[in-house]
Amino acid sequence: MSLLITLFWIAVVVAGALALGWVFRTAVIALSRGNLRKAMRTAPLTAAFGMFIILLYILVAVFAPVIAPFAEREVVGGQFLPWEAPHIFGTDNLGRDMFTRLVYGARNTVGIAFMTTALAFFIGSILGLLAATVGGWLDQILSRVVDILMAIPSLIFSLLLLTIFGTSVITLILVIAVIDSTRVFRLARSVAQNIVVMDYIEAAKLRGEGLWRLITREILPNAMAPLVAEFGLRFCFVFLAISALSFLGVGIQPPTADWGSMVRENAALITFGDVTPLLPAGAIALLTVAVNFVVDWMLHRASGLKE
Amino acid sequence: MGLIWTMIAKRLGLGLLTLFVISVIIFSATELLPGDFAKAILGQSATEETLAAFRKEIGLDLPAYQRYFNWLGGAIQGDFGTSLSGNKRPVADLIATRLGNTLFLALYAAAIAVPLSLVLGILAALYRNSIFDRAANAAALTSISFPEFFVAYILIFVLAQSGLFPSMTRMDADTTLGEGLYRAFLPALTLTLVVTAHMMRMTRAAIINLLASPYIEMARLKGINPMRVILKHALPNALAPIITVIALNLAYLITGVVVVEVVFVYPGLGQLMVDSVAKRDFPVVQAVALIFAAAYVLLNLTADVLSTLSNPRLIHRK
Amino acid sequence: MSNFTNGTGGLSRRGLLKGATALGAAGLILPASVRKAMAEPKRGGVLRIALASGNTTDSLDPATWDSTFVQSFNTARCNTLTEIAPDGTLVGELAESWEASADAVTWTFKIREGVTFHSGKAMTVDDVVASINYHRGEESKSAAKPYVDPITDIKADGQNVVITLSGGNADFPFILADYHLVVLPSADGKIDVTTTDGTGAYVLDSFEPGVSVKMSRNPNYFKSDRAWFDGIDALSIVDAAARQNALITGEVDVIDGVDLNTVSLLERAPGIKVLPVTGNQHFVFPMDTRLSPYDNNNIRQALKYGLDRDELVEKILRGFGSAGNDHPIGRGQRYFNTELEQKTYDPDKAKFYLKEAGMDSISVQLSAADAAFSGAVDSAVLYAERAAAAGINIEVVREPSDGYWDNVWMKKPFCASYWGGRPTEDLMFSVAYSAGAPWNDSFWDHARFNELLVSARSELDDDKRRQMYWEMQDICANEGGVVIPMFASYVNAHSDKVGVPEVIGTNQGLDGLRLYERWWFA
């Protein structure tokens, strides 16, 4: 019976999400012109829902001070207050408003995660494509360096680096980005390797295309799909990395709210059936799902399949 | 085929070089960390003189390069030294059982996760954009976006508190295989949830990426059934990225599971590594780091060999 | 929920200088009336316990016992000369009785006869001398070295051990109850620090550092009414949630370090009892009094009044503790100053002191990591929130836990730290507040305080001694460089199958580290 009830609720949530996606898609189609409008017409409901969620997160992040009823660090009352007005999600372990922390968490966490992932992809994919295209000694050197970096377990490596270089937000972003970029490098190189042996690349080389053009015009477009798919996942791995690092005591500086640390701080409650830690974890999960729905759609478009 | 063997030999050689460089990096990193073993062990309550006496006893008073070369000299002959801690246990001893535990858990999780994610990925590609595809995706993404310890806590709440599975995974020397599989089920399940999404999505993406290729169109126009198109025509060409991602995740299962070890009280290498880093017990840190690195190098090599074999163009590359 | 506190009863002059026990220490520890009220202990069962500490680098060398995990099982394996009874008084263990010279410089301990090690070897006076000597001298790496440094001479004399100190110390026998100073078998005046041997209640069967330890009862233990369990199976479980789950699912019987975030939920679990024990463990925020602005006592006072101690006790300790008063002496200790005014959160007073220092507001950095104590970062955040109302802007800097004691403690001018507490006022003050002491983490140097410290140490008149310690607490609280927000209880939990004594030791966690030999299965 309880299984049926669960299934029912899941169905309700899915239906609600799809309805939201439909409303959002219709609204965008009505309000936009040109290419965007054309693209949106073909977007599946899941992708529309994903875009809606991403937009919502961006709005929340930008307007956090307006939306949040309290200040980010303000202690507003007792700890673990129940879910009732004025604290719709209750309060956290220090008596700060949970809803406020979640809203500010969007700003801090999403910002940091996006910057980190973007940086990691910038470094990783450029070097990866370069290594695959040029081959020879450059490939050897880059691959060996990356091999060495990757062979050191990332969590322990980032812990070491953060302990040595300090734990400001900038170092955090740089350290995670550099370590993540090795993974991107591997993928980009392995994908591009399959492309550089294609005949059209040979042809382009014979045409005398320069290296940069070769990479950006001939190889990158064809390597884009797996890279984009990876981006969607790497993005959410950053939340997890921050969460794991705060498990080891080197996360984001307090009293800054971030979801990774918020999950860590409240995680033990779940073993007693208390759902509080599901809030920040759910916020991460929802964004991850949303980003990847959109990524799936883009992947689909990039693959050129017409169905 | 000769080319493959040359490649393997070359890569193994490079692997040894990698291990050497890593031992230098790890050694320098532990040196750069504030404090040393003496300080870490004697902790808050140590005075300068007790520290000095202790350092002398365990040879920490020697200059760094000398300690490194002493260690290297032993390591080349297969002697990884003894732990700095008072038991003076040989590192090999200390690591042996934990290495077994780590491999057991990694294989266990991989045995569930790899087939599961391949099947799910292929099915998702086959029924792309269907309800099944979206649901599998959303479920996998949700599980991957929860931190490991959180997934573990949820599983403990659901499966251990009802008494179905133990919340701790104690492995003794006399644990039978069946018992071990039962006790390690929750950590293995946690790890499966953590790694499946990544491999599944990559399988799906790699296959879909090929579906627009002319030869696939051709196959479809010939009226071959879609499952066969994917298995016979698309999958072989999508193998390279899939193998890469599987190798990455297998390496992760061996090297990156410290959090799961902590939550399930599982005596594996990750916990040993973190403990030893915290205490600056560098012979142990070195040995564990090298095991991790070796696992990674070997898996990577295997992945590359398989990728190359899967793409005849690479074998005959000019 | 009842809190256990140790008695405040002072010791007489005779009590200070002489101690004696008959065999059967427990009979002396508790008055007969108390014993009758307790459930009668009985033998049997293997105790399964999960502890928050334990590390793969743990060893059997008594110089390095740094965590509750190693301390507790080694206290079960070995014995010390004296023992701190659950009520805080000192009784004999391997020493039957002791006596001091009138100036408290020379101490004579009569060693118990007929005690054997697990290996069957008889414990001798030479073993005692060698065991204490191991911690002495230039070459010693022992954490207990500062405790035994004042010993200038130690020698065997028949069945007695005679110890001569560099200066009078009325509390010296308390020092010998320290868990490092266990007696191990010796040969040629040296102990073997890797031995698994001992005289204690339990024989070591297996020890896997950082994982577990298994022990079985010593059938020849010299205390007949101790060691009720047939065996001990102790596990190291670092993660607090995992530890609690092990208790809830019945895989262990006792856990320590209960996660205070979820303690109210744990209390509701069936068959589980939460057991807080008030001890002398306290959390501190030391300031470097050599540096500006902390060299100004007005600033220090302002910082002390800008802190809401009650809020910290409520939110960080969940009520399992009490507000501190900026001196390190616990309420249960002999010379706790009961008349000293308790500091409370008072932004106006804080502003007043700022003004005295010629300032309207001040900005400082407070470094913290949860390595200092569990909840240190949260405590600092709450401190910063409250202090802001007094014009004190505290920027909380979360430092990495790894290397905290090297990088931050005694390096950063204002940081978080903790003290496990010391059994005597003299030890506590000497270790962390006397000028030039290696762990004086506020680098404090107060002439009157230092003078009192030395004279109180050898003062044998109880009233005079009390007066001195009271004055020292006053000086420490109002002129010292350490903010002490709270005293934290040790919070353990156990299944209701476990029998717990009425009075529980407070000098260390786990019933003064002696849970294994004092508790039983009901």
# chains A, B, ... in the order shown; residues from 1 in each chain; ligands from 1

call {"tool": "residues_around", "arguments": {"residues": "range 92-105 of chain B", "least_positions_apart": "5", "cutoff": "7 Å", "atoms": "only C-alpha atoms", "output": "ChimeraX atom specification"}}
result
/B:80,188,254,267-269

call {"tool": "write_last_selection", "arguments": {"atoms": "C-alpha atoms", "output": "mmCIF file, in the first residue's frame"}}
result
data_model
loop_
_atom_site.group_PDB
_atom_site.id
_atom_site.type_symbol
_atom_site.label_atom_id
_atom_site.label_comp_id
_atom_site.auth_asym_id
_atom_site.auth_seq_id
_atom_site.Cartn_x
_atom_site.Cartn_y
_atom_site.Cartn_z
ATOM 1 C CA PHE B 80 58.517 -0.288 1.768
ATOM 2 C CA ALA B 188 28.593 -1.879 -2.427
ATOM 3 C CA ILE B 254 39.560 1.540 -5.613
ATOM 4 C CA PRO B 267 38.787 -1.217 7.013
ATOM 5 C CA GLY B 268 40.050 -0.275 3.550
ATOM 6 C CA LEU B 269 42.997 1.628 2.147
#

call {"tool": "residues_around", "arguments": {"residues": "Asp97 in chain A", "least_positions_apart": "6", "cutoff": "12 Å", "atoms": "only C-alpha atoms", "output": "ChimeraX atom specification"}}
result
/A:68-91,103-104,257

call {"tool": "closest_residue", "arguments": {"among": "A:Gly232, A:Gly128, A:Gly273, A:Gly105", "to": "Ser145 in chain B", "atoms": "only C-alpha atoms"}}
result
A:Gly232

call {"tool": "closest_residue", "arguments": {"among": "C:Pro146, C:Pro86, C:Gly403, C:Pro62", "to": "Val277 in chain B", "atoms": "only C-alpha atoms"}}
result
C:Gly403

call {"tool": "residues_around", "arguments": {"residues": "Lys88 in chain B", "least_positions_apart": "4", "cutoff": "12 Å", "atoms": "only C-alpha atoms", "output": "MDAnalysis selection string"}}
result
(chainID B and resid 57:58 81:84 92:94 281 283:284) or (chainID C and resid 56:61 193:194 209)

call {"tool": "select_by_dssp", "arguments": {"residues": "range 54-227 of chain B", "states": "alpha helix (DSSP H)", "output": "MDAnalysis selection string"}}
result
chainID B and resid 54:58 64:76 91:126 131:144 148:155 177:183 185:210 214:221 226:227

call {"tool": "interface_residues", "arguments": {"of": "chain A", "to": "chain C", "cutoff": "8 Å", "atoms": "only C-alpha atoms", "output": "PyMOL selection string"}}
result
chain A and resi 73-75+79+93-94+163+166-167+248-250+253-255+266+268-269+271-272

call {"tool": "residues_around", "arguments": {"residues": "range 40-45 of chain A", "least_positions_apart": "3", "cutoff": "12 Å", "atoms": "only C-alpha atoms", "output": "PyMOL selection string"}}
result
(chain A and resi 14-37+48-52+290+293-301+306-307) or (chain B and resi 128-131+134)

call {"tool": "select_by_dssp", "arguments": {"residues": "range 119-312 of chain C", "states": "strand (DSSP E or B)", "output": "compact mmCIF listing (two decimals) with C-alpha atoms, in the first residue's frame"}}
result
# COMPACT_ATOMS: atom_id res chain seq x y z
CA ALA C 122 55.61 -11.06 39.29
CA ILE C 151 61.29 14.16 39.81
CA THR C 152 64.96 14.49 40.63
CA ASP C 153 65.45 11.01 41.99
CA ILE C 154 63.53 7.76 42.07
CA LYS C 155 64.77 4.58 43.71
CA ALA C 156 63.60 1.24 45.03
CA ASP C 157 63.81 0.65 48.77
CA ASN C 160 58.87 0.93 48.64
CA VAL C 161 59.58 3.38 45.87
CA VAL C 162 61.05 6.66 47.06
CA ILE C 163 60.61 9.68 44.83
CA THR C 164 62.32 13.01 45.40
CA LEU C 165 60.99 16.15 43.75
CA SER C 186 61.09 -4.42 32.81
CA ALA C 187 64.43 -6.04 32.22
CA LYS C 190 64.23 -0.78 30.83
CA ILE C 191 60.64 -1.51 29.84
CA TYR C 202 41.93 -7.55 30.76
CA VAL C 203 44.41 -9.48 28.64
CA LEU C 204 45.05 -8.14 25.16
CA ASP C 205 44.02 -10.73 22.55
CA SER C 206 44.28 -8.70 19.37
CA PHE C 207 44.92 -5.10 18.45
CA GLU C 208 44.35 -3.77 14.95
CA SER C 212 39.46 -2.73 16.81
CA VAL C 213 40.84 -4.30 19.95
CA LYS C 214 39.77 -7.57 21.56
CA MET C 215 40.46 -8.43 25.21
CA SER C 216 39.49 -11.16 27.64
CA ARG C 217 39.24 -11.06 31.41
CA GLY C 231 35.70 -9.78 27.36
CA ILE C 232 35.93 -6.46 25.58
CA ASP C 233 35.42 -5.87 21.87
CA ALA C 234 36.17 -2.21 21.18
CA LEU C 235 35.73 -0.65 17.76
CA SER C 236 36.89 2.63 16.37
CA VAL C 254 28.06 1.48 24.42
CA ILE C 255 29.20 4.48 22.35
CA ILE C 272 18.88 3.33 24.68
CA LYS C 273 20.04 5.61 27.46
CA VAL C 274 22.02 8.79 26.99
CA LEU C 275 24.54 9.34 29.77
CA PRO C 276 26.09 12.79 30.15
CA VAL C 277 28.96 13.10 32.60
CA HIS C 282 36.35 22.88 28.59
CA PHE C 283 36.48 24.76 25.32
CA VAL C 284 38.56 27.90 25.03
CA PHE C 285 39.32 30.87 22.79
CA PRO C 286 42.87 31.91 23.78
CA MET C 287 44.17 35.35 22.79

call {"tool": "closest_residue", "arguments": {"among": "A:Ile252, A:Ile54, A:Ile164, A:Leu227", "to": "chain B", "atoms": "only C-alpha atoms"}}
result
A:Ile164

call {"tool": "atom_distance", "arguments": {"atom1": "CA of Gly44 in chain C", "atom2": "CA of Ala246 in chain C"}}
result
21.6 Å

call {"tool": "closest_residue", "arguments": {"among": "B:Ala219, B:Thr142, B:Met7, B:Tyr252", "to": "Val291 in chain A", "atoms": "only C-alpha atoms"}}
result
B:Thr142

call {"tool": "residues_around", "arguments": {"residues": "Val169 in chain A", "least_positions_apart": "5", "cutoff": "12 Å", "atoms": "only C-alpha atoms", "output": "PyMOL selection string"}}
result
(chain A and resi 108-109+111-113+115-116+162+174-177+242+250-254+256+258) or (chain C and resi 398)

call {"tool": "write_last_selection", "arguments": {"atoms": "N, CA and C atoms", "output": "compact mmCIF listing (two decimals), in the first residue's frame"}}
result
# COMPACT_ATOMS: atom_id res chain seq x y z
N ASN A 108 25.67 31.27 -3.72
CA ASN A 108 27.07 30.88 -3.48
C ASN A 108 27.42 29.59 -4.21
N THR A 109 26.57 28.57 -4.02
CA THR A 109 26.93 27.26 -4.53
C THR A 109 26.92 27.23 -6.05
N GLY A 111 27.08 29.65 -8.17
CA GLY A 111 28.14 30.50 -8.72
C GLY A 111 29.47 29.79 -8.72
N ILE A 112 29.83 29.24 -7.56
CA ILE A 112 31.12 28.57 -7.44
C ILE A 112 31.19 27.35 -8.36
N ALA A 113 30.10 26.57 -8.37
CA ALA A 113 30.12 25.35 -9.18
C ALA A 113 30.25 25.69 -10.65
N MET A 115 31.56 28.43 -12.08
CA MET A 115 32.90 28.94 -12.41
C MET A 115 33.91 27.81 -12.44
N THR A 116 33.82 26.92 -11.45
CA THR A 116 34.77 25.82 -11.38
C THR A 116 34.67 24.93 -12.62
N LEU A 162 44.65 22.15 -0.59
CA LEU A 162 43.95 23.20 0.16
C LEU A 162 44.63 23.45 1.50
N LEU A 174 40.13 27.10 -7.93
CA LEU A 174 41.29 26.71 -8.74
C LEU A 174 41.65 25.25 -8.52
N VAL A 175 41.70 24.84 -7.26
CA VAL A 175 42.12 23.47 -6.96
C VAL A 175 41.15 22.45 -7.56
N ILE A 176 39.86 22.67 -7.33
CA ILE A 176 38.89 21.71 -7.87
C ILE A 176 38.91 21.74 -9.39
N ALA A 177 39.04 22.94 -9.97
CA ALA A 177 39.03 23.05 -11.43
C ALA A 177 40.22 22.33 -12.04
N ILE A 242 32.68 19.83 -2.90
CA ILE A 242 32.64 20.79 -1.80
C ILE A 242 32.07 20.13 -0.55
N VAL A 250 37.50 21.37 5.21
CA VAL A 250 38.11 22.47 4.45
C VAL A 250 37.13 23.04 3.41
N GLY A 251 35.87 23.18 3.76
CA GLY A 251 34.89 23.68 2.79
C GLY A 251 34.92 25.20 2.68
N ILE A 252 33.75 25.75 2.39
CA ILE A 252 33.61 27.19 2.23
C ILE A 252 33.58 27.86 3.60
N GLN A 253 34.13 29.07 3.65
CA GLN A 253 34.23 29.77 4.93
C GLN A 253 32.85 30.09 5.51
N PRO A 254 32.64 29.81 6.79
CA PRO A 254 31.39 30.24 7.41
C PRO A 254 31.41 31.75 7.60
N THR A 256 29.09 31.75 5.35
CA THR A 256 28.54 31.64 4.00
C THR A 256 27.69 30.38 3.88
N ASP A 258 26.28 27.35 1.89
CA ASP A 258 26.35 26.60 0.65
C ASP A 258 25.75 25.23 0.87
N ARG C 398 37.62 29.84 9.01
CA ARG C 398 37.67 28.40 9.19
C ARG C 398 39.00 27.87 8.68

call {"tool": "interface_residues", "arguments": {"of": "chain B", "to": "chain C", "cutoff": "9 Å", "atoms": "only C-alpha atoms", "output": "PyMOL selection string"}}
result
chain B and resi 33-36+38-55+57+83-88+153+156-157+160-163+166-168+262-267+271-272+275-279+281

call {"tool": "decode", "arguments": {"residues": "range 65-147 of chain B", "atoms": "C-alpha atoms", "output": "PDB file, in the first residue's frame"}}
result
ATOM      1  CA  TYR B  65      66.209  14.430   0.520  1.00  0.00           C
ATOM      2  CA  GLN B  66      68.160  11.903   2.546  1.00  0.00           C
ATOM      3  CA  ARG B  67      64.989  10.426   3.980  1.00  0.00           C
ATOM      4  CA  TYR B  68      63.494  10.234   0.512  1.00  0.00           C
ATOM      5  CA  PHE B  69      66.461   8.414  -0.964  1.00  0.00           C
ATOM      6  CA  ASN B  70      66.629   6.031   1.973  1.00  0.00           C
ATOM      7  CA  TRP B  71      63.012   5.219   1.329  1.00  0.00           C
ATOM      8  CA  LEU B  72      63.529   4.939  -2.430  1.00  0.00           C
ATOM      9  CA  GLY B  73      66.502   2.635  -1.943  1.00  0.00           C
ATOM     10  CA  GLY B  74      64.334   0.268   0.058  1.00  0.00           C
ATOM     11  CA  ALA B  75      61.319   0.579  -2.203  1.00  0.00           C
ATOM     12  CA  ILE B  76      63.318  -0.425  -5.289  1.00  0.00           C
ATOM     13  CA  GLN B  77      64.213  -3.641  -3.516  1.00  0.00           C
ATOM     14  CA  GLY B  78      60.578  -4.181  -2.602  1.00  0.00           C
ATOM     15  CA  ASP B  79      60.983  -3.054   1.012  1.00  0.00           C
ATOM     16  CA  PHE B  80      58.517  -0.288   1.768  1.00  0.00           C
ATOM     17  CA  GLY B  81      59.876   0.269   5.233  1.00  0.00           C
ATOM     18  CA  THR B  82      58.016   0.316   8.502  1.00  0.00           C
ATOM     19  CA  SER B  83      55.308   2.583   9.754  1.00  0.00           C
ATOM     20  CA  LEU B  84      56.655   5.420  11.881  1.00  0.00           C
ATOM     21  CA  SER B  85      54.162   4.636  14.623  1.00  0.00           C
ATOM     22  CA  GLY B  86      55.301   2.897  17.777  1.00  0.00           C
ATOM     23  CA  ASN B  87      54.338  -0.564  16.564  1.00  0.00           C
ATOM     24  CA  LYS B  88      56.988  -0.376  13.848  1.00  0.00           C
ATOM     25  CA  ARG B  89      54.823  -2.601  11.709  1.00  0.00           C
ATOM     26  CA  PRO B  90      56.164  -3.294   8.232  1.00  0.00           C
ATOM     27  CA  VAL B  91      54.134  -1.287   5.758  1.00  0.00           C
ATOM     28  CA  ALA B  92      53.523  -4.360   3.609  1.00  0.00           C
ATOM     29  CA  ASP B  93      51.923  -6.083   6.615  1.00  0.00           C
ATOM     30  CA  LEU B  94      49.784  -3.110   7.448  1.00  0.00           C
ATOM     31  CA  ILE B  95      48.499  -2.828   3.906  1.00  0.00           C
ATOM     32  CA  ALA B  96      47.959  -6.469   2.967  1.00  0.00           C
ATOM     33  CA  THR B  97      44.557  -7.107   4.561  1.00  0.00           C
ATOM     34  CA  ARG B  98      43.268  -3.636   3.804  1.00  0.00           C
ATOM     35  CA  LEU B  99      44.232  -3.957   0.158  1.00  0.00           C
ATOM     36  CA  GLY B 100      42.259  -7.193   0.022  1.00  0.00           C
ATOM     37  CA  ASN B 101      39.244  -5.468   1.563  1.00  0.00           C
ATOM     38  CA  THR B 102      39.472  -2.525  -0.820  1.00  0.00           C
ATOM     39  CA  LEU B 103      39.701  -4.779  -3.883  1.00  0.00           C
ATOM     40  CA  PHE B 104      36.839  -6.923  -2.627  1.00  0.00           C
ATOM     41  CA  LEU B 105      34.541  -3.934  -2.229  1.00  0.00           C
ATOM     42  CA  ALA B 106      35.604  -2.401  -5.551  1.00  0.00           C
ATOM     43  CA  LEU B 107      35.007  -5.650  -7.450  1.00  0.00           C
ATOM     44  CA  TYR B 108      31.712  -6.205  -5.669  1.00  0.00           C
ATOM     45  CA  ALA B 109      30.447  -2.743  -6.568  1.00  0.00           C
ATOM     46  CA  ALA B 110      31.808  -2.993 -10.109  1.00  0.00           C
ATOM     47  CA  ALA B 111      30.155  -6.381 -10.624  1.00  0.00           C
ATOM     48  CA  ILE B 112      26.809  -4.731  -9.954  1.00  0.00           C
ATOM     49  CA  ALA B 113      27.421  -1.296 -11.423  1.00  0.00           C
ATOM     50  CA  VAL B 114      29.112  -2.029 -14.768  1.00  0.00           C
ATOM     51  CA  PRO B 115      26.533  -4.465 -16.216  1.00  0.00           C
ATOM     52  CA  LEU B 116      23.732  -2.377 -14.762  1.00  0.00           C
ATOM     53  CA  SER B 117      24.915   0.851 -16.298  1.00  0.00           C
ATOM     54  CA  LEU B 118      25.706  -0.740 -19.678  1.00  0.00           C
ATOM     55  CA  VAL B 119      22.260  -2.299 -19.888  1.00  0.00           C
ATOM     56  CA  LEU B 120      20.530   0.863 -18.717  1.00  0.00           C
ATOM     57  CA  GLY B 121      22.616   3.003 -21.053  1.00  0.00           C
ATOM     58  CA  ILE B 122      21.911   0.832 -24.092  1.00  0.00           C
ATOM     59  CA  LEU B 123      18.219   0.656 -23.291  1.00  0.00           C
ATOM     60  CA  ALA B 124      18.102   4.406 -22.756  1.00  0.00           C
ATOM     61  CA  ALA B 125      19.733   4.939 -26.144  1.00  0.00           C
ATOM     62  CA  LEU B 126      17.362   2.491 -27.773  1.00  0.00           C
ATOM     63  CA  TYR B 127      14.257   4.031 -26.260  1.00  0.00           C
ATOM     64  CA  ARG B 128      15.705   7.519 -26.291  1.00  0.00           C
ATOM     65  CA  ASN B 129      13.376  10.308 -25.202  1.00  0.00           C
ATOM     66  CA  SER B 130      10.812   7.825 -23.961  1.00  0.00           C
ATOM     67  CA  ILE B 131       9.415   7.784 -20.455  1.00  0.00           C
ATOM     68  CA  PHE B 132      11.864   4.998 -19.630  1.00  0.00           C
ATOM     69  CA  ASP B 133      14.823   7.064 -20.806  1.00  0.00           C
ATOM     70  CA  ARG B 134      13.768  10.104 -18.812  1.00  0.00           C
ATOM     71  CA  ALA B 135      12.938   8.133 -15.688  1.00  0.00           C
ATOM     72  CA  ALA B 136      16.203   6.170 -15.728  1.00  0.00           C
ATOM     73  CA  ASN B 137      18.074   9.401 -16.303  1.00  0.00           C
ATOM     74  CA  ALA B 138      16.326  11.332 -13.582  1.00  0.00           C
ATOM     75  CA  ALA B 139      16.749   8.502 -11.089  1.00  0.00           C
ATOM     76  CA  ALA B 140      20.428   8.074 -11.885  1.00  0.00           C
ATOM     77  CA  LEU B 141      21.035  11.813 -11.743  1.00  0.00           C
ATOM     78  CA  THR B 142      19.255  12.141  -8.427  1.00  0.00           C
ATOM     79  CA  SER B 143      21.319   9.370  -6.894  1.00  0.00           C
ATOM     80  CA  ILE B 144      24.540  10.867  -8.203  1.00  0.00           C
ATOM     81  CA  SER B 145      23.763  14.352  -6.930  1.00  0.00           C
ATOM     82  CA  PHE B 146      23.523  13.206  -3.317  1.00  0.00           C
ATOM     83  CA  PRO B 147      26.850  13.115  -1.514  1.00  0.00           C
TER      84      PRO B 147
END
